[in-house]
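Enquirer: Before anything else, here's the structure in question.
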Amino acid sequence: MKRLILGASLILLTGVALAQQDPDMDALQLADQIAAPVTAPSNWRLFGELSAGGVVLRNTDSFQPDQRASFDLRYDNTFAPGWRAVLSDRLDVDNPAQTPFDKTINTVREGYLSWQPVSDMLFDLGRINERNGVALGYNPTDYFKTNAVRSVVSVDPNSLKENRQGSVMIKAQQLADAGSATLLFSPKLGNTVSYADFNPDLAATNNVNRWLLSVSPKLSEDINPKLLVFKADQTPVQFGLNLTSLISDAAVVYVEWSGGSSLSQLSQAQQMLKLPFVNDTAFRNRLASGLTYTTDNKISLTAELEYNGAGLDEQQWQRLGTSPYYGLYRYWLQAIQESPTKRSAFLYGSWQDALINHLDLAAMEKVNLVDNSRLSWLEARYHLSHSEFALQWQLDSGSRGSEFGAARQTQTWALVGRVYY
Amino acid sequence: MQFIKTALLSIALLSPVVHAAPSPQEILAASDAVRNPDYPFGMTNTLIEYKNGQQTDTSTLGIYSKADQSSGQFRSLIRYIAPARDANKLILFSGRDLWFYDPSSKASIRMSPQQRLLGQASNGDVVTVNLARDYKAISASEEDTQDGEKQLRHCYKVAMQAGTPDATYHHIEMWIEVGSFHPVKARFYADSNKLLKSAYYRKYEKQLGIERPTETVIIDGLDPKWVTVMRYSDLVKRDVPDLWLQREYLPRFKPE
């Protein structure tokens, strides 16, 4: 019996020793057992999303629950050589409704045809989400964002860029090995924004004729600027620049600038609402510049400084707070997605596979440097192969009448579940 | 053509009369030619990640690669096919010029080389890389080693050091089979000489004219129970125009 135990122990010890000598063998044996089918590309992306949460109201400090159900579809198909069709749509059902909408809001984000007659030339026609800008928090060269957001489901800048209506346009692009040039025209198609549930709301995004020319020369491996010239009817030409550079293996710096003559935002709001306004046309700069640093354990941190030359300075902002135009100004800013004041800061951090696999954490802080109000946002998102779950929290803080202190809520909570089909 | 080139290279390197023993750099270049076709190509890479014996992640990528005429290094366009939440996102690798594109937000974001995309696999593991372009092979000695199929192979053990800023690792040891120049396994090290990961190149099959590895098993240097398997399929010779390999083409990329 002792011999048997001794023999078994020796075999066991030998096995342990062998395993220690070559730990790679276990890994190779594991790889031998894997049977993974190869997934084929799909032209469809479809998901459903449910959200439950609520807001803490600023005036009463009471909790008001809300729920949302969403269906999101994207179809992208090359249906014949050189021809491509894209459709992107989202349906949100909110309870209670987002003002001034009904409970149901359908957003036709994109619907266009693309034609590539030769390899270096492309034409597009339809509703296109034309987005420019390398900055993360504020995009001065995102000239087609006015009236684009129909349903706000999150203050996350990625969500605001994704869940919005494109503009109807015709677009031509010429490609070359050394860069690209794009010219587009987006016509005026209406005047009145529609809040009807399933209205494509073309008047919201196409209420003025607009032109955009952009050129991206590749000057070197690292320097690939994008230069833009934008013109809208009744508005002077605006010039834009996007530039990025790698300053180390872990850090990217970026600058996004737009400049041109324009009224101040307050005068623009008064002019649009057919109120008396001061003609304060001047050359105004808009700028966002920042740095993204990535650690070797998948944490990315971005710090961005933002300047809006058409916004108000501290004195003007304080004065407006006691004037009857304050509400109109804020209403106008929602449409054009601009900050009310001149200076802001933006911090964004994300951590992939934080603490455990598949858990992503994200945090955002927007600070209005003129009135010191803040928007803080945190998200924990856990994802599986065909589903994901997120817990989101938002805090709007600041003095009454400040950019974020004027929000009707102080806190927002949401538990979100999403399933991909 | 590729087969003929590899055969000629092998004959030239092995001929004792015409040439001396191949230099370490020549051995490395010959092994690159086994892993990578010398013309533009497309393929599918399925990554399966395991921790402690449990499958923790799987991704499928479409990869389109082409060697840059001036540097000789590959430039690649990578398209996520799965999981569903990442489908159709794109990454452009062109030297140190890295861009991530999300078709949902239409955002093109410049990335730094340190930004890892897929769990344990570094960018350098996923994209096509000619090691002989980024590393300087400093020695090659002959020894027997066990390959990924647990067979004994007579190999050159090639030691190489990073030679360009594009190199992902500080130094690498690679075992390359004598005669066939098949890469067998490699160990990747940090500046501190810490083992970062090991890789086994295995399941050789005839693809595009010659025997090539269709699977790489990557084992974490610190935690050997963290394993990533990369499986290559649908390797095809295809045109990858230079026009594709720029930021402004990313919203246009739709290969089917």
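Going by the structure tokens order, chains are called A, B, ..., each with residues numbered from 1, while ligands are numbered from 1 in the order shown.
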Determine which residues of range 26-232 of chain A receive a DSSP assignment of strand (DSSP E or B), computed from the backbone, and state them as a PyMOL selection string.
Expert: chain A and resi 44-57+63-80+83-95+104-118+121-128+167-176+179-186+210-217+226-232
Enquirer: Residues of chain B near chain A: apply a cut-off of 6 Å, count only C-alpha atoms, and supply the list as a ChimeraX atom specification.
Expert: /B:81,83,104-105,112-114,242-243
Enquirer: Would you compute the distance between CA of Leu77 in chain B and CA of Ser31 in chain B? Give it in Å to one decimal.
Expert: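 Here the two named atoms are 22.9 Å from each other.
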Enquirer: So which bits of range 244-375 of chain A end up helix (DSSP H, G or I) when you DSSP the backbone, as a PyMOL selection string?
Expert: chain A and resi 265-272+314-321+326-336
Enquirer: For each of A:Pro200, A:Ser323, A:Leu219, A:Leu328, take the minimum atom-to-atom distance to Gln271 in chain A, counting only C-alpha atoms, then give the residue where this is smallest.
Expert: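 Closest to Gln271 in chain A, using only C-alpha atoms: A:Leu328.
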Enquirer: Quick one: residues within 10 Å of Lys197 in chain B, only C-alpha atoms counted, chain neighbours fewer than 3 positions away excluded, as a CSV table (one decimal) with C-alpha atoms, in the first residue's frame?
Expert:
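As a result, around.csv now contains:
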```csv
chain,number,residue,atom,x,y,z
B,120,GLN,CA,-4.3,40.7,-24.5
B,121,ALA,CA,-3.4,41.0,-28.2
B,172,ILE,CA,12.2,39.2,-29.2
B,186,ALA,CA,8.5,33.5,-30.1
B,187,ARG,CA,9.0,35.2,-26.8
B,188,PHE,CA,8.4,38.9,-26.5
B,189,TYR,CA,10.1,41.0,-23.8
B,190,ALA,CA,9.9,44.4,-22.3
B,194,LYS,CA,10.3,40.9,-18.4
B,218,ILE,CA,-0.5,33.8,-27.5
B,219,ILE,CA,0.2,33.1,-23.8
B,220,ASP,CA,0.6,35.9,-21.3
B,221,GLY,CA,4.1,36.2,-19.8
B,222,LEU,CA,2.8,36.9,-16.2
B,223,ASP,CA,-0.3,34.7,-16.2
B,224,PRO,CA,0.0,31.6,-18.4
B,226,TRP,CA,-4.5,34.0,-20.0
B,227,VAL,CA,-4.5,32.7,-23.6
```
Enquirer: Contacts of Asp86 in chain B at 10 Å or less, counting only C-alpha atoms, minus same-chain residues fewer than 3 places along, as a list of chain:residue names?
Expert: A:Arg45, B:Ser59, B:Thr60, B:Arg79, B:Tyr80, B:Ile81, B:Ala82, B:Pro83, B:Lys89, B:Leu90, B:Asp102, B:Pro103
Enquirer: How would the residues just chosen look if you wrote them out with N, CA and C atoms as an mmCIF file, in the first residue's frame?
Expert:
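After the write, part07.cif holds the following:
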```cif
data_model
loop_
_atom_site.group_PDB
_atom_site.id
_atom_site.type_symbol
_atom_site.label_atom_id
_atom_site.label_comp_id
_atom_site.auth_asym_id
_atom_site.auth_seq_id
_atom_site.Cartn_x
_atom_site.Cartn_y
_atom_site.Cartn_z
ATOM 1 N N ARG A 45 -27.517 46.151 -38.413
ATOM 2 C CA ARG A 45 -27.280 46.218 -36.974
ATOM 3 C C ARG A 45 -28.594 46.648 -36.359
ATOM 4 N N SER B 59 -13.766 37.793 -30.846
ATOM 5 C CA SER B 59 -13.958 38.866 -31.824
ATOM 6 C C SER B 59 -13.605 38.324 -33.204
ATOM 7 N N THR B 60 -14.248 38.869 -34.211
ATOM 8 C CA THR B 60 -13.895 38.512 -35.587
ATOM 9 C C THR B 60 -13.545 39.792 -36.331
ATOM 10 N N ARG B 79 -11.511 45.779 -40.001
ATOM 11 C CA ARG B 79 -12.942 45.987 -39.819
ATOM 12 C C ARG B 79 -13.474 44.955 -38.818
ATOM 13 N N TYR B 80 -14.146 45.449 -37.780
ATOM 14 C CA TYR B 80 -14.774 44.531 -36.827
ATOM 15 C C TYR B 80 -15.975 43.869 -37.508
ATOM 16 N N ILE B 81 -16.058 42.573 -37.398
ATOM 17 C CA ILE B 81 -17.230 41.838 -37.893
ATOM 18 C C ILE B 81 -18.093 41.394 -36.713
ATOM 19 N N ALA B 82 -17.471 40.971 -35.638
ATOM 20 C CA ALA B 82 -18.178 40.585 -34.410
ATOM 21 C C ALA B 82 -17.286 40.979 -33.223
ATOM 22 N N PRO B 83 -17.851 41.263 -32.044
ATOM 23 C CA PRO B 83 -19.250 41.143 -31.638
ATOM 24 C C PRO B 83 -20.149 42.215 -32.269
ATOM 25 N N LYS B 89 -17.075 48.835 -37.146
ATOM 26 C CA LYS B 89 -16.088 49.838 -36.720
ATOM 27 C C LYS B 89 -14.775 49.527 -37.447
ATOM 28 N N LEU B 90 -13.986 50.548 -37.689
ATOM 29 C CA LEU B 90 -12.772 50.378 -38.493
ATOM 30 C C LEU B 90 -11.550 50.935 -37.768
ATOM 31 N N ASP B 102 -15.980 55.057 -36.100
ATOM 32 C CA ASP B 102 -17.241 54.441 -35.683
ATOM 33 C C ASP B 102 -18.333 54.919 -36.638
ATOM 34 N N PRO B 103 -18.931 54.013 -37.439
ATOM 35 C CA PRO B 103 -19.937 54.464 -38.413
ATOM 36 C C PRO B 103 -21.193 55.022 -37.753
#
```
Enquirer: Using only C-alpha atoms, which of B:Gln25, B:Ser70, B:Thr228, B:Ile109 sits nearest Tyr50 in chain B?
Expert: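 Answer, going by the shortest atom-to-atom distance: B:Thr228.
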Enquirer: Between CA of Leu395 in chain A and CA of Glu379 in chain A, what distance in Å does the model show, to one decimal?
Expert: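 Between these atoms lies a distance of 12.1 Å.
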Enquirer: Neighbours of Asp360 in chain A within 8 Å (only C-alpha atoms; same-chain residues fewer than 6 positions away dropped), as a list in words?
Expert: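 The filter keeps Ser350, Trp351, Gln352, Asp353, Ala354, Ala380, Arg381 and Tyr382 of chain A.
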Enquirer: Would you output that residue set with N, CA and C atoms, as a short mmCIF file (atom, residue, chain, number, x, y, z; two decimals), in the first residue's frame?
Expert:
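Result saved to out.cif:
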```
data_model
loop_
_atom_site.label_atom_id
_atom_site.label_comp_id
_atom_site.auth_asym_id
_atom_site.auth_seq_id
_atom_site.Cartn_x
_atom_site.Cartn_y
_atom_site.Cartn_z
N SER A 350 -11.93 56.93 -19.63
CA SER A 350 -12.58 55.63 -19.85
C SER A 350 -11.58 54.53 -19.49
N TRP A 351 -12.13 53.45 -18.99
CA TRP A 351 -11.30 52.32 -18.56
C TRP A 351 -11.96 51.05 -19.05
N GLN A 352 -11.33 50.45 -20.06
CA GLN A 352 -11.85 49.19 -20.61
C GLN A 352 -11.46 48.04 -19.71
N ASP A 353 -12.32 47.06 -19.58
CA ASP A 353 -12.07 45.89 -18.73
C ASP A 353 -11.58 46.32 -17.35
N ALA A 354 -12.36 47.22 -16.74
CA ALA A 354 -11.97 47.77 -15.44
C ALA A 354 -12.25 46.74 -14.35
N ALA A 380 -21.12 52.89 -15.76
CA ALA A 380 -20.51 51.56 -15.69
C ALA A 380 -21.28 50.70 -16.69
N ARG A 381 -20.58 50.09 -17.62
CA ARG A 381 -21.25 49.31 -18.67
C ARG A 381 -20.63 47.92 -18.74
N TYR A 382 -21.47 46.92 -18.60
CA TYR A 382 -21.01 45.53 -18.66
C TYR A 382 -21.56 44.91 -19.94
#
```
